[in-house]
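Presented below is the structure to which this report refers.
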Amino acid sequence: MSMEEEVEGIVVIKELDLNNGTPSVKEIGGVIRGCIKIVTCGKKLLCNNKGVENPTSEDFDPKLVPVCRKVAYILGLRISLSHTRRGIGLKLVNKIEEWFRKNGAEYSYIATEVDNKASINLFTKKFNYTKFYTPSTLV
Ligand SMILES: CC(C)(COP(=O)(O)OP(=O)(O)OC[C@H]1O[C@@H](n2cnc3c(N)ncnc32)[C@H](O)[C@@H]1OP(=O)(O)O)[C@@H](O)C(=O)NCCC(=O)NCCS
């Protein structure tokens with residue numbers, strides 16, 4: 001699998017202070033960052049008949065072309081401690097997934113620590129992500 005191109009989206013949730021009538025940012029409640037990369041996975045045979053109307057086998061020009069897929073990944077999801085368990089993580093993931101879909105991503109993944117229960121619950125229970133790989137790091 002090789003990466004060809006990457007785009008990036010960021011969503012921030014801010015808590016506004018409206019006390020004096022002019023909204024000002026009181027606190028950043030949470031932030032999420034996501035990227036979409038185009039990866040190539042394998043090749044497929046493409047047959048071009050060179051625009052000939054009733055082509056015979058000699059008019060075809062078969063070529064191996066890479067199969068491209070858009071894959072999204074979530075990184076940098078953080079909710080400020082004073083704002084956790086208020087559904088903000090849920091909202092931010094929904095927003096970034098909406099952006100992924102709008103930009104044609106077909107898959108999405110996230111890497112998190114094995115003991116990060118909050119994150120694992122959020123993604124597996126609320127968004128149906130499945131665990132597929134648990135690498136161990138040697139130090
Ligand atoms: C993980 C994190 C993003 C969750 O954000 P949040 O805004 O508190 O989550 P929500 O309030 O939207 O909760 C949604 C669901 O996530 C799960 N969840 C959230 N916090 C949890 C916790 N402390 N323990 C267990 N499950 C938890 C629950 O399933 C919860 O649904 P429920 O409230 O119906 O039980 C937040 O705790 C955080 O920023 N943690 C530190 C950074 C981090 O781990 N980032 C993710 C990996 S990169």
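Identifiers in this document derive from the order of the structure tokens: chains are assigned A, B, ..., residues are numbered from 1 separately in each chain, and ligands are numbered from 1 in order of occurrence.
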Self-check item: Contacts of Glu58 (chain A) at 12 Å (only C-alpha atoms; same-chain gap of 4+ positions) as a ChimeraX atom specification
Solution: /A:47-50,52,54,62
Exercise. Show me which residues sit within 10 Å of ligand 1 when counting only C-alpha atoms and all ligand atoms, and put them as a PyMOL selection string.
Key: chain A and resi 29-33+74-94+110-113+115-127
Quiz item: Among chain A, which ones does DSSP place in strand (DSSP E or B), written as an MDAnalysis selection string?
Solution: chainID A and resid 2:17 24:48 61:79 107:110
Quiz item: With distances taken over only C-alpha atoms, which of A:Asp61, A:Arg69, A:Asn20, A:Val12 is nearest to Val39 (chain A)?
Solution: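 Nearest to Val39 (chain A): A:Arg69.
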Practice problem: Run DSSP on the backbone and give me the residues of region 29-124 of chain A it puts in alpha helix (DSSP H), as a PyMOL selection string. | Solution: chain A and resi 88-102+117-121
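The list of residues with at least one atom within 10 Å of Leu16 (chain A), based on only C-alpha atoms and without residues fewer than 4 positions apart in the same chain, reads Thr22, Pro23, Ser24, Val25, Lys26, Glu27, Ile28 and Gly29 of chain A.
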Self-check item: Spatial neighbours of Leu46 (chain A), max dist 10 Å, only C-alpha atoms, sep filter under 4 positions, as JSON, numbers by chain
Solution: {"A": [60, 61, 62, 63, 64, 65, 66]}
If you keep N, CA and C atoms, can you produce a file of those selected residues as a compact mmCIF listing (two decimals), in the first residue's frame?
# COMPACT_ATOMS: atom_id res chain seq x y z
N PHE A 60 -7.43 -3.55 -28.72
CA PHE A 60 -7.35 -3.33 -27.28
C PHE A 60 -5.91 -3.14 -26.82
N ASP A 61 -5.75 -2.23 -25.87
CA ASP A 61 -4.42 -1.93 -25.36
C ASP A 61 -4.45 -2.14 -23.84
N PRO A 62 -4.31 -3.38 -23.37
CA PRO A 62 -4.44 -3.63 -21.93
C PRO A 62 -3.27 -3.04 -21.13
N LYS A 63 -3.64 -2.41 -20.01
CA LYS A 63 -2.60 -1.79 -19.16
C LYS A 63 -2.88 -2.13 -17.71
N LEU A 64 -1.83 -2.31 -16.93
CA LEU A 64 -2.00 -2.50 -15.49
C LEU A 64 -1.99 -1.12 -14.84
N VAL A 65 -3.10 -0.76 -14.18
CA VAL A 65 -3.14 0.56 -13.53
C VAL A 65 -3.37 0.36 -12.02
N PRO A 66 -2.84 1.27 -11.19
CA PRO A 66 -3.01 1.10 -9.74
C PRO A 66 -4.47 1.29 -9.30
Quiz item: Of the residues A:Val67, A:Leu18, A:Ala72, A:Ser57, which is the one nearest to Gly42 (chain A), using only C-alpha atoms?
Solution: A:Val67
Exercise. Write out as a list in words each polymer residue whose atoms come within 10 Å of Tyr73 (chain A), counting only C-alpha atoms; drop sequence neighbours fewer than 4 positions from it.
Key: Glu8, Arg33, Gly34, Cys35, Ile36, Lys37, Ile96, Glu97, Phe100, Ala105, Tyr107, Ser108, Tyr109, Ile110 and Ala111 of chain A
Restrict the selected residues to N, CA and C atoms and save them as a tab-separated table (two decimals), in the first residue's frame.
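File written: result_6.tsv
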chain	number	residue	atom	x	y	z
A	8	GLU	N	-6.33	17.48	4.92
A	8	GLU	CA	-6.52	17.48	6.36
A	8	GLU	C	-7.67	18.37	6.77
A	33	ARG	N	-8.72	16.27	14.73
A	33	ARG	CA	-8.05	16.46	13.45
A	33	ARG	C	-8.16	15.17	12.66
A	34	GLY	N	-8.44	15.29	11.39
A	34	GLY	CA	-8.54	14.09	10.57
A	34	GLY	C	-7.84	14.31	9.24
A	35	CYS	N	-7.38	13.23	8.67
A	35	CYS	CA	-6.71	13.32	7.36
A	35	CYS	C	-7.30	12.29	6.41
A	36	ILE	N	-7.22	12.61	5.15
A	36	ILE	CA	-7.60	11.62	4.13
A	36	ILE	C	-6.40	11.43	3.23
A	37	LYS	N	-6.03	10.19	3.05
A	37	LYS	CA	-4.93	9.94	2.12
A	37	LYS	C	-5.41	9.01	1.02
A	96	ILE	N	-16.24	15.04	11.95
A	96	ILE	CA	-15.09	14.71	11.09
A	96	ILE	C	-15.46	13.58	10.14
A	97	GLU	N	-16.31	12.66	10.60
A	97	GLU	CA	-16.74	11.57	9.70
A	97	GLU	C	-17.60	12.13	8.56
A	100	PHE	N	-15.20	13.39	6.19
A	100	PHE	CA	-14.58	12.26	5.48
A	100	PHE	C	-15.47	11.81	4.33
A	105	ALA	N	-13.99	9.55	1.37
A	105	ALA	CA	-13.24	8.48	2.04
A	105	ALA	C	-14.12	7.24	2.17
A	107	TYR	N	-12.93	4.36	3.97
A	107	TYR	CA	-12.61	3.72	5.24
A	107	TYR	C	-12.08	4.77	6.20
A	108	SER	N	-12.20	4.46	7.50
A	108	SER	CA	-11.64	5.37	8.50
A	108	SER	C	-11.00	4.54	9.60
A	109	TYR	N	-9.88	5.03	10.14
A	109	TYR	CA	-9.27	4.31	11.26
A	109	TYR	C	-8.69	5.27	12.28
A	110	ILE	N	-8.44	4.73	13.47
A	110	ILE	CA	-7.82	5.51	14.54
A	110	ILE	C	-6.87	4.58	15.29
A	111	ALA	N	-5.78	5.14	15.77
A	111	ALA	CA	-4.86	4.37	16.61
A	111	ALA	C	-4.96	4.93	18.03
